[in-house]
file start11.txt (compact mmCIF, all heavy atoms)
# COMPACT_ATOMS: atom_id res chain seq x y z
N MET A 31 22.28 61.01 0.76
CA MET A 31 23.70 61.30 0.91
C MET A 31 24.26 61.95 -0.35
O MET A 31 25.05 62.87 -0.26
CB MET A 31 24.43 60.00 1.25
CG MET A 31 25.89 60.17 1.50
SD MET A 31 26.13 61.18 2.97
CE MET A 31 27.61 60.52 3.57
N LYS A 32 23.82 61.47 -1.51
CA LYS A 32 24.33 62.04 -2.76
C LYS A 32 23.96 63.52 -2.86
O LYS A 32 24.78 64.34 -3.30
CB LYS A 32 23.80 61.28 -3.96
CG LYS A 32 24.31 61.80 -5.28
CD LYS A 32 23.79 60.99 -6.45
CE LYS A 32 24.31 61.57 -7.75
NZ LYS A 32 23.82 60.83 -8.90
N ASP A 33 22.73 63.87 -2.45
CA ASP A 33 22.30 65.27 -2.49
C ASP A 33 23.20 66.15 -1.63
O ASP A 33 23.56 67.25 -2.04
CB ASP A 33 20.85 65.40 -2.05
CG ASP A 33 19.87 64.86 -3.06
OD1 ASP A 33 20.29 64.54 -4.20
OD2 ASP A 33 18.68 64.74 -2.72
N MET A 34 23.54 65.68 -0.46
CA MET A 34 24.41 66.47 0.42
C MET A 34 25.79 66.64 -0.19
O MET A 34 26.40 67.70 -0.06
CB MET A 34 24.50 65.82 1.80
CG MET A 34 23.19 65.86 2.57
SD MET A 34 22.53 67.53 2.78
CE MET A 34 23.71 68.20 3.91
N ASN A 35 26.29 65.60 -0.85
CA ASN A 35 27.59 65.70 -1.50
C ASN A 35 27.56 66.69 -2.65
O ASN A 35 28.49 67.48 -2.82
CB ASN A 35 28.05 64.33 -2.01
CG ASN A 35 28.39 63.38 -0.88
OD1 ASN A 35 28.69 63.79 0.23
ND2 ASN A 35 28.30 62.11 -1.15
N LEU A 36 26.50 66.65 -3.44
CA LEU A 36 26.34 67.60 -4.54
C LEU A 36 26.30 69.03 -4.00
O LEU A 36 26.98 69.92 -4.53
CB LEU A 36 25.06 67.32 -5.33
CG LEU A 36 25.04 66.09 -6.22
CD1 LEU A 36 23.64 65.87 -6.77
CD2 LEU A 36 26.04 66.23 -7.35
N LEU A 37 25.53 69.24 -2.97
CA LEU A 37 25.42 70.56 -2.37
C LEU A 37 26.77 71.03 -1.86
O LEU A 37 27.17 72.17 -2.08
CB LEU A 37 24.39 70.56 -1.24
CG LEU A 37 24.22 71.87 -0.48
CD1 LEU A 37 23.83 73.00 -1.42
CD2 LEU A 37 23.21 71.69 0.64
N HIS A 38 27.49 70.17 -1.21
CA HIS A 38 28.81 70.51 -0.66
C HIS A 38 29.76 70.94 -1.78
O HIS A 38 30.47 71.95 -1.64
CB HIS A 38 29.37 69.31 0.11
CG HIS A 38 30.62 69.61 0.84
ND1 HIS A 38 30.63 70.33 2.02
CD2 HIS A 38 31.91 69.32 0.57
CE1 HIS A 38 31.88 70.45 2.43
NE2 HIS A 38 32.67 69.84 1.57
N ILE A 39 29.77 70.22 -2.88
CA ILE A 39 30.64 70.55 -4.01
C ILE A 39 30.26 71.91 -4.59
O ILE A 39 31.13 72.73 -4.89
CB ILE A 39 30.59 69.44 -5.08
CG1 ILE A 39 31.26 68.18 -4.54
CG2 ILE A 39 31.27 69.90 -6.37
CD1 ILE A 39 31.03 66.96 -5.39
N VAL A 40 28.97 72.16 -4.75
CA VAL A 40 28.51 73.45 -5.28
C VAL A 40 28.95 74.59 -4.36
O VAL A 40 29.47 75.61 -4.82
CB VAL A 40 26.98 73.48 -5.46
CG1 VAL A 40 26.48 74.89 -5.73
CG2 VAL A 40 26.56 72.54 -6.57
N LEU A 41 28.76 74.42 -3.07
CA LEU A 41 29.12 75.48 -2.13
C LEU A 41 30.62 75.75 -2.11
O LEU A 41 31.05 76.90 -2.03
CB LEU A 41 28.61 75.13 -0.73
CG LEU A 41 27.09 75.10 -0.60
CD1 LEU A 41 26.69 74.68 0.82
CD2 LEU A 41 26.46 76.43 -0.98
N ILE A 42 31.42 74.71 -2.20
CA ILE A 42 32.88 74.89 -2.28
C ILE A 42 33.24 75.66 -3.55
O ILE A 42 34.01 76.62 -3.52
CB ILE A 42 33.61 73.54 -2.24
CG1 ILE A 42 33.52 72.94 -0.84
CG2 ILE A 42 35.07 73.70 -2.67
CD1 ILE A 42 34.02 71.53 -0.75
N TYR A 43 32.67 75.25 -4.67
CA TYR A 43 32.96 75.89 -5.94
C TYR A 43 32.59 77.37 -5.90
O TYR A 43 33.37 78.23 -6.30
CB TYR A 43 32.23 75.18 -7.07
CG TYR A 43 32.49 75.78 -8.43
CD1 TYR A 43 33.72 75.63 -9.05
CD2 TYR A 43 31.51 76.51 -9.10
CE1 TYR A 43 33.98 76.18 -10.29
CE2 TYR A 43 31.75 77.06 -10.34
CZ TYR A 43 32.99 76.89 -10.93
OH TYR A 43 33.23 77.44 -12.16
N LEU A 44 31.39 77.66 -5.43
CA LEU A 44 30.95 79.05 -5.40
C LEU A 44 31.76 79.90 -4.41
O LEU A 44 31.95 81.08 -4.63
CB LEU A 44 29.46 79.13 -5.08
CG LEU A 44 28.55 78.59 -6.19
CD1 LEU A 44 27.10 78.61 -5.74
CD2 LEU A 44 28.74 79.36 -7.48
N ALA A 45 32.25 79.28 -3.35
CA ALA A 45 33.10 80.01 -2.40
C ALA A 45 34.43 80.40 -3.06
O ALA A 45 34.99 81.45 -2.76
CB ALA A 45 33.34 79.17 -1.16
N ILE A 46 34.89 79.56 -3.97
CA ILE A 46 36.16 79.82 -4.65
C ILE A 46 35.97 80.78 -5.82
O ILE A 46 36.73 81.72 -5.99
CB ILE A 46 36.78 78.49 -5.16
CG1 ILE A 46 37.16 77.61 -3.98
CG2 ILE A 46 37.99 78.75 -6.04
CD1 ILE A 46 37.48 76.18 -4.37
N ILE A 47 34.96 80.53 -6.64
CA ILE A 47 34.78 81.24 -7.91
C ILE A 47 33.85 82.45 -7.79
O ILE A 47 34.00 83.41 -8.51
CB ILE A 47 34.25 80.27 -8.99
CG1 ILE A 47 35.17 79.07 -9.16
CG2 ILE A 47 34.04 80.98 -10.32
CD1 ILE A 47 36.58 79.41 -9.58
N ASN A 48 32.88 82.40 -6.92
CA ASN A 48 31.85 83.42 -6.72
C ASN A 48 30.77 83.40 -7.79
O ASN A 48 29.65 83.13 -7.50
CB ASN A 48 32.44 84.83 -6.59
CG ASN A 48 33.14 85.03 -5.29
OD1 ASN A 48 32.76 84.48 -4.28
ND2 ASN A 48 34.21 85.81 -5.31
N VAL A 49 31.09 83.74 -9.02
CA VAL A 49 30.10 83.79 -10.08
C VAL A 49 30.59 82.92 -11.23
O VAL A 49 31.73 83.05 -11.67
CB VAL A 49 29.88 85.23 -10.59
CG1 VAL A 49 28.91 85.25 -11.74
CG2 VAL A 49 29.42 86.13 -9.46
N ALA A 50 29.73 82.02 -11.70
CA ALA A 50 30.13 81.13 -12.79
C ALA A 50 28.90 80.65 -13.54
O ALA A 50 27.79 80.71 -13.02
CB ALA A 50 30.90 79.93 -12.24
N THR A 51 29.13 80.15 -14.72
CA THR A 51 28.04 79.58 -15.50
C THR A 51 27.91 78.09 -15.18
O THR A 51 28.81 77.49 -14.59
CB THR A 51 28.30 79.72 -17.01
OG1 THR A 51 29.46 78.94 -17.34
CG2 THR A 51 28.52 81.17 -17.40
N LEU A 52 26.79 77.53 -15.58
CA LEU A 52 26.59 76.09 -15.42
C LEU A 52 27.69 75.33 -16.14
O LEU A 52 28.23 74.36 -15.61
CB LEU A 52 25.21 75.69 -15.94
CG LEU A 52 24.90 74.20 -15.95
CD1 LEU A 52 24.93 73.62 -14.55
CD2 LEU A 52 23.56 73.95 -16.63
N GLU A 53 28.04 75.78 -17.34
CA GLU A 53 29.07 75.10 -18.12
C GLU A 53 30.43 75.14 -17.41
O GLU A 53 31.18 74.17 -17.45
CB GLU A 53 29.19 75.73 -19.51
CG GLU A 53 28.01 75.47 -20.41
CD GLU A 53 26.80 76.35 -20.10
OE1 GLU A 53 26.93 77.38 -19.40
OE2 GLU A 53 25.70 76.01 -20.56
N ASP A 54 30.74 76.25 -16.75
CA ASP A 54 31.97 76.35 -15.96
C ASP A 54 31.98 75.30 -14.85
O ASP A 54 32.99 74.64 -14.61
CB ASP A 54 32.12 77.73 -15.32
CG ASP A 54 32.37 78.84 -16.31
OD1 ASP A 54 32.86 78.55 -17.42
OD2 ASP A 54 32.08 80.00 -15.96
N PHE A 55 30.86 75.19 -14.17
CA PHE A 55 30.77 74.23 -13.06
C PHE A 55 30.87 72.80 -13.55
O PHE A 55 31.54 71.97 -12.93
CB PHE A 55 29.47 74.44 -12.26
CG PHE A 55 29.35 73.53 -11.09
CD1 PHE A 55 30.30 73.54 -10.08
CD2 PHE A 55 28.30 72.64 -11.00
CE1 PHE A 55 30.20 72.67 -9.00
CE2 PHE A 55 28.19 71.78 -9.93
CZ PHE A 55 29.14 71.79 -8.92
N VAL A 56 30.23 72.49 -14.69
CA VAL A 56 30.32 71.14 -15.26
C VAL A 56 31.78 70.82 -15.58
O VAL A 56 32.27 69.75 -15.25
CB VAL A 56 29.44 71.02 -16.53
CG1 VAL A 56 29.71 69.72 -17.26
CG2 VAL A 56 27.97 71.12 -16.17
N TRP A 57 32.46 71.76 -16.20
CA TRP A 57 33.87 71.54 -16.56
C TRP A 57 34.73 71.33 -15.31
O TRP A 57 35.52 70.41 -15.23
CB TRP A 57 34.40 72.74 -17.36
CG TRP A 57 35.85 72.60 -17.68
CD1 TRP A 57 36.40 71.91 -18.72
CD2 TRP A 57 36.94 73.12 -16.91
NE1 TRP A 57 37.77 71.99 -18.65
CE2 TRP A 57 38.13 72.73 -17.55
CE3 TRP A 57 37.02 73.88 -15.75
CZ2 TRP A 57 39.38 73.07 -17.07
CZ3 TRP A 57 38.28 74.23 -15.27
CH2 TRP A 57 39.44 73.82 -15.93
N TRP A 58 34.56 72.22 -14.32
CA TRP A 58 35.38 72.16 -13.11
C TRP A 58 35.14 70.88 -12.32
O TRP A 58 36.07 70.26 -11.84
CB TRP A 58 35.08 73.39 -12.25
CG TRP A 58 35.82 73.43 -10.95
CD1 TRP A 58 37.08 73.89 -10.74
CD2 TRP A 58 35.34 72.99 -9.67
NE1 TRP A 58 37.41 73.77 -9.42
CE2 TRP A 58 36.36 73.22 -8.74
CE3 TRP A 58 34.14 72.43 -9.24
CZ2 TRP A 58 36.21 72.91 -7.39
CZ3 TRP A 58 34.01 72.13 -7.90
CH2 TRP A 58 35.04 72.36 -6.99
N SER A 59 33.88 70.50 -12.20
CA SER A 59 33.53 69.36 -11.35
C SER A 59 33.76 68.01 -12.03
O SER A 59 33.96 67.01 -11.35
CB SER A 59 32.07 69.45 -10.91
OG SER A 59 31.20 69.26 -12.02
N GLY A 60 33.66 67.99 -13.36
CA GLY A 60 33.77 66.72 -14.07
C GLY A 60 32.51 65.88 -13.98
O GLY A 60 32.49 64.74 -14.43
N MET A 61 31.45 66.45 -13.41
CA MET A 61 30.18 65.73 -13.27
C MET A 61 29.32 65.97 -14.51
O MET A 61 29.58 66.89 -15.29
CB MET A 61 29.42 66.20 -12.03
CG MET A 61 30.13 65.89 -10.74
SD MET A 61 29.13 66.28 -9.27
CE MET A 61 28.86 68.02 -9.43
N ASN A 62 28.29 65.15 -14.66
CA ASN A 62 27.38 65.37 -15.79
C ASN A 62 26.48 66.57 -15.49
O ASN A 62 26.33 67.00 -14.35
CB ASN A 62 26.56 64.11 -16.13
CG ASN A 62 25.63 63.70 -15.02
OD1 ASN A 62 24.85 64.50 -14.53
ND2 ASN A 62 25.69 62.44 -14.65
N ILE A 63 25.90 67.11 -16.55
CA ILE A 63 25.14 68.34 -16.42
C ILE A 63 23.89 68.17 -15.53
O ILE A 63 23.53 69.09 -14.80
CB ILE A 63 24.79 68.92 -17.80
CG1 ILE A 63 24.37 70.38 -17.67
CG2 ILE A 63 23.73 68.09 -18.49
CD1 ILE A 63 24.40 71.14 -18.98
N SER A 64 23.29 67.00 -15.54
CA SER A 64 22.11 66.76 -14.70
C SER A 64 22.45 66.84 -13.22
O SER A 64 21.72 67.46 -12.43
CB SER A 64 21.50 65.40 -15.01
OG SER A 64 21.04 65.36 -16.32
N ASP A 65 23.56 66.22 -12.83
CA ASP A 65 23.98 66.29 -11.43
C ASP A 65 24.36 67.71 -11.03
O ASP A 65 24.08 68.16 -9.92
CB ASP A 65 25.15 65.34 -11.16
CG ASP A 65 24.72 63.89 -11.07
OD1 ASP A 65 23.50 63.64 -10.89
OD2 ASP A 65 25.58 63.00 -11.17
N CYS A 66 25.00 68.43 -11.95
CA CYS A 66 25.36 69.82 -11.66
C CYS A 66 24.12 70.68 -11.47
O CYS A 66 24.07 71.48 -10.54
CB CYS A 66 26.23 70.38 -12.78
SG CYS A 66 27.87 69.66 -12.83
N ARG A 67 23.14 70.50 -12.31
CA ARG A 67 21.89 71.26 -12.18
C ARG A 67 21.21 70.94 -10.84
O ARG A 67 20.71 71.84 -10.16
CB ARG A 67 20.93 70.92 -13.31
CG ARG A 67 21.23 71.62 -14.57
CD ARG A 67 20.11 71.42 -15.58
NE ARG A 67 20.41 72.13 -16.80
CZ ARG A 67 20.47 71.58 -18.00
NH1 ARG A 67 20.20 70.31 -18.15
NH2 ARG A 67 20.76 72.30 -19.06
N LYS A 68 21.21 69.68 -10.47
CA LYS A 68 20.59 69.28 -9.21
C LYS A 68 21.33 69.90 -8.03
O LYS A 68 20.71 70.41 -7.10
CB LYS A 68 20.58 67.76 -9.09
CG LYS A 68 19.85 67.27 -7.87
CD LYS A 68 19.72 65.76 -7.86
CE LYS A 68 18.90 65.32 -6.66
NZ LYS A 68 18.73 63.88 -6.64
N GLY A 69 22.65 69.86 -8.07
CA GLY A 69 23.43 70.46 -7.00
C GLY A 69 23.20 71.95 -6.86
O GLY A 69 23.06 72.47 -5.75
N ILE A 70 23.10 72.64 -7.99
CA ILE A 70 22.83 74.08 -7.96
C ILE A 70 21.42 74.33 -7.42
O ILE A 70 21.23 75.25 -6.61
CB ILE A 70 23.03 74.68 -9.37
CG1 ILE A 70 24.52 74.65 -9.71
CG2 ILE A 70 22.48 76.10 -9.42
CD1 ILE A 70 24.83 74.96 -11.16
N ALA A 71 20.46 73.53 -7.83
CA ALA A 71 19.10 73.69 -7.33
C ALA A 71 19.04 73.50 -5.81
O ALA A 71 18.30 74.19 -5.12
CB ALA A 71 18.17 72.70 -8.02
N LEU A 72 19.82 72.58 -5.30
CA LEU A 72 19.85 72.34 -3.85
C LEU A 72 20.43 73.53 -3.09
O LEU A 72 20.12 73.72 -1.92
CB LEU A 72 20.67 71.09 -3.53
CG LEU A 72 20.07 69.76 -3.95
CD1 LEU A 72 21.10 68.64 -3.81
CD2 LEU A 72 18.82 69.46 -3.13
N SER A 73 21.26 74.31 -3.76
CA SER A 73 21.90 75.44 -3.06
C SER A 73 20.97 76.63 -2.88
O SER A 73 21.28 77.55 -2.15
CB SER A 73 23.16 75.87 -3.82
OG SER A 73 22.82 76.51 -5.04
N TRP A 74 19.81 76.62 -3.53
CA TRP A 74 18.85 77.72 -3.41
C TRP A 74 18.04 77.45 -2.23
O TRP A 74 17.27 77.61 -1.63
CB TRP A 74 17.99 77.83 -4.67
CG TRP A 74 18.78 78.33 -5.81
CD1 TRP A 74 19.38 77.56 -6.76
CD2 TRP A 74 19.11 79.67 -6.14
NE1 TRP A 74 20.05 78.34 -7.66
CE2 TRP A 74 19.91 79.65 -7.30
CE3 TRP A 74 18.83 80.89 -5.56
CZ2 TRP A 74 20.40 80.79 -7.89
CZ3 TRP A 74 19.34 82.02 -6.15
CH2 TRP A 74 20.11 81.97 -7.30

call {"tool": "encode", "arguments": {"input": "start11.txt", "output": "structure tokens"}}
result
Amino acid sequence: MKDMNLLHIVLIYLAIINVATLEDFVWWSGMNISDCRKGIALSW
């Protein structure tokens, strides 16, 4: 379930922002960098 939530957050963010850095996503989401990396990896 956590993986699906991470993926959902990444997809929402990318739909809004289009192109961003990992640091941008960490700042926007408020999540730790490991969870952000995992969410981005799931989106591939």

call {"tool": "atom_distance", "arguments": {"input": "start11.txt", "atom1": "CA of Ser59 (chain A)", "atom2": "CA of Met34 (chain A)"}}
result
15.2 Å

call {"tool": "atom_distance", "arguments": {"input": "start11.txt", "atom1": "CA of Lys32 (chain A)", "atom2": "CA of Val49 (chain A)"}}
result
23.7 Å

call {"tool": "residues_around", "arguments": {"input": "start11.txt", "residues": "region 62-70 of chain A", "least_positions_apart": "6", "cutoff": "9 Å", "atoms": "only C-alpha atoms", "output": "tab-separated table (two decimals) with all heavy atoms, in the frame of the given file"}}
result
chain	number	residue	atom	x	y	z
A	33	ASP	N	22.73	63.87	-2.45
A	33	ASP	CA	22.30	65.27	-2.49
A	33	ASP	C	23.20	66.15	-1.63
A	33	ASP	O	23.56	67.25	-2.04
A	33	ASP	CB	20.85	65.40	-2.05
A	33	ASP	CG	19.87	64.86	-3.06
A	33	ASP	OD1	20.29	64.54	-4.20
A	33	ASP	OD2	18.68	64.74	-2.72
A	34	MET	N	23.54	65.68	-0.46
A	34	MET	CA	24.41	66.47	0.42
A	34	MET	C	25.79	66.64	-0.19
A	34	MET	O	26.40	67.70	-0.06
A	34	MET	CB	24.50	65.82	1.80
A	34	MET	CG	23.19	65.86	2.57
A	34	MET	SD	22.53	67.53	2.78
A	34	MET	CE	23.71	68.20	3.91
A	35	ASN	N	26.29	65.60	-0.85
A	35	ASN	CA	27.59	65.70	-1.50
A	35	ASN	C	27.56	66.69	-2.65
A	35	ASN	O	28.49	67.48	-2.82
A	35	ASN	CB	28.05	64.33	-2.01
A	35	ASN	CG	28.39	63.38	-0.88
A	35	ASN	OD1	28.69	63.79	0.23
A	35	ASN	ND2	28.30	62.11	-1.15
A	36	LEU	N	26.50	66.65	-3.44
A	36	LEU	CA	26.34	67.60	-4.54
A	36	LEU	C	26.30	69.03	-4.00
A	36	LEU	O	26.98	69.92	-4.53
A	36	LEU	CB	25.06	67.32	-5.33
A	36	LEU	CG	25.04	66.09	-6.22
A	36	LEU	CD1	23.64	65.87	-6.77
A	36	LEU	CD2	26.04	66.23	-7.35
A	37	LEU	N	25.53	69.24	-2.97
A	37	LEU	CA	25.42	70.56	-2.37
A	37	LEU	C	26.77	71.03	-1.86
A	37	LEU	O	27.17	72.17	-2.08
A	37	LEU	CB	24.39	70.56	-1.24
A	37	LEU	CG	24.22	71.87	-0.48
A	37	LEU	CD1	23.83	73.00	-1.42
A	37	LEU	CD2	23.21	71.69	0.64
A	38	HIS	N	27.49	70.17	-1.21
A	38	HIS	CA	28.81	70.51	-0.66
A	38	HIS	C	29.76	70.94	-1.78
A	38	HIS	O	30.47	71.95	-1.64
A	38	HIS	CB	29.37	69.31	0.11
A	38	HIS	CG	30.62	69.61	0.84
A	38	HIS	ND1	30.63	70.33	2.02
A	38	HIS	CD2	31.91	69.32	0.57
A	38	HIS	CE1	31.88	70.45	2.43
A	38	HIS	NE2	32.67	69.84	1.57
A	39	ILE	N	29.77	70.22	-2.88
A	39	ILE	CA	30.64	70.55	-4.01
A	39	ILE	C	30.26	71.91	-4.59
A	39	ILE	O	31.13	72.73	-4.89
A	39	ILE	CB	30.59	69.44	-5.08
A	39	ILE	CG1	31.26	68.18	-4.54
A	39	ILE	CG2	31.27	69.90	-6.37
A	39	ILE	CD1	31.03	66.96	-5.39
A	40	VAL	N	28.97	72.16	-4.75
A	40	VAL	CA	28.51	73.45	-5.28
A	40	VAL	C	28.95	74.59	-4.36
A	40	VAL	O	29.47	75.61	-4.82
A	40	VAL	CB	26.98	73.48	-5.46
A	40	VAL	CG1	26.48	74.89	-5.73
A	40	VAL	CG2	26.56	72.54	-6.57
A	41	LEU	N	28.76	74.42	-3.07
A	41	LEU	CA	29.12	75.48	-2.13
A	41	LEU	C	30.62	75.75	-2.11
A	41	LEU	O	31.05	76.90	-2.03
A	41	LEU	CB	28.61	75.13	-0.73
A	41	LEU	CG	27.09	75.10	-0.60
A	41	LEU	CD1	26.69	74.68	0.82
A	41	LEU	CD2	26.46	76.43	-0.98
A	52	LEU	N	26.79	77.53	-15.58
A	52	LEU	CA	26.59	76.09	-15.42
A	52	LEU	C	27.69	75.33	-16.14
A	52	LEU	O	28.23	74.36	-15.61
A	52	LEU	CB	25.21	75.69	-15.94
A	52	LEU	CG	24.90	74.20	-15.95
A	52	LEU	CD1	24.93	73.62	-14.55
A	52	LEU	CD2	23.56	73.95	-16.63
A	53	GLU	N	28.04	75.78	-17.34
A	53	GLU	CA	29.07	75.10	-18.12
A	53	GLU	C	30.43	75.14	-17.41
A	53	GLU	O	31.18	74.17	-17.45
A	53	GLU	CB	29.19	75.73	-19.51
A	53	GLU	CG	28.01	75.47	-20.41
A	53	GLU	CD	26.80	76.35	-20.10
A	53	GLU	OE1	26.93	77.38	-19.40
A	53	GLU	OE2	25.70	76.01	-20.56
A	55	PHE	N	30.86	75.19	-14.17
A	55	PHE	CA	30.77	74.23	-13.06
A	55	PHE	C	30.87	72.80	-13.55
A	55	PHE	O	31.54	71.97	-12.93
A	55	PHE	CB	29.47	74.44	-12.26
A	55	PHE	CG	29.35	73.53	-11.09
A	55	PHE	CD1	30.30	73.54	-10.08
A	55	PHE	CD2	28.30	72.64	-11.00
A	55	PHE	CE1	30.20	72.67	-9.00
A	55	PHE	CE2	28.19	71.78	-9.93
A	55	PHE	CZ	29.14	71.79	-8.92
A	56	VAL	N	30.23	72.49	-14.69
A	56	VAL	CA	30.32	71.14	-15.26
A	56	VAL	C	31.78	70.82	-15.58
A	56	VAL	O	32.27	69.75	-15.25
A	56	VAL	CB	29.44	71.02	-16.53
A	56	VAL	CG1	29.71	69.72	-17.26
A	56	VAL	CG2	27.97	71.12	-16.17

call {"tool": "atom_distance", "arguments": {"input": "start11.txt", "atom1": "CA of Thr51 (chain A)", "atom2": "CA of Met31 (chain A)"}}
result
24.9 Å

call {"tool": "axis_aligned_box", "arguments": {"input": "start11.txt", "around": "region 35-43 of chain A", "padding_each_side": "6 Å", "output": "AutoDock Vina command-line options"}}
result
--center_x 29.1 --center_y 70.2 --center_z -4.9 --size_x 23.9 --size_y 28.1 --size_z 26.6

call {"tool": "select_by_dssp", "arguments": {"input": "start11.txt", "residues": "chain A", "states": "alpha helix (DSSP H)", "output": "PyMOL selection string"}}
result
chain A and resi 32-47+52-59+63-72
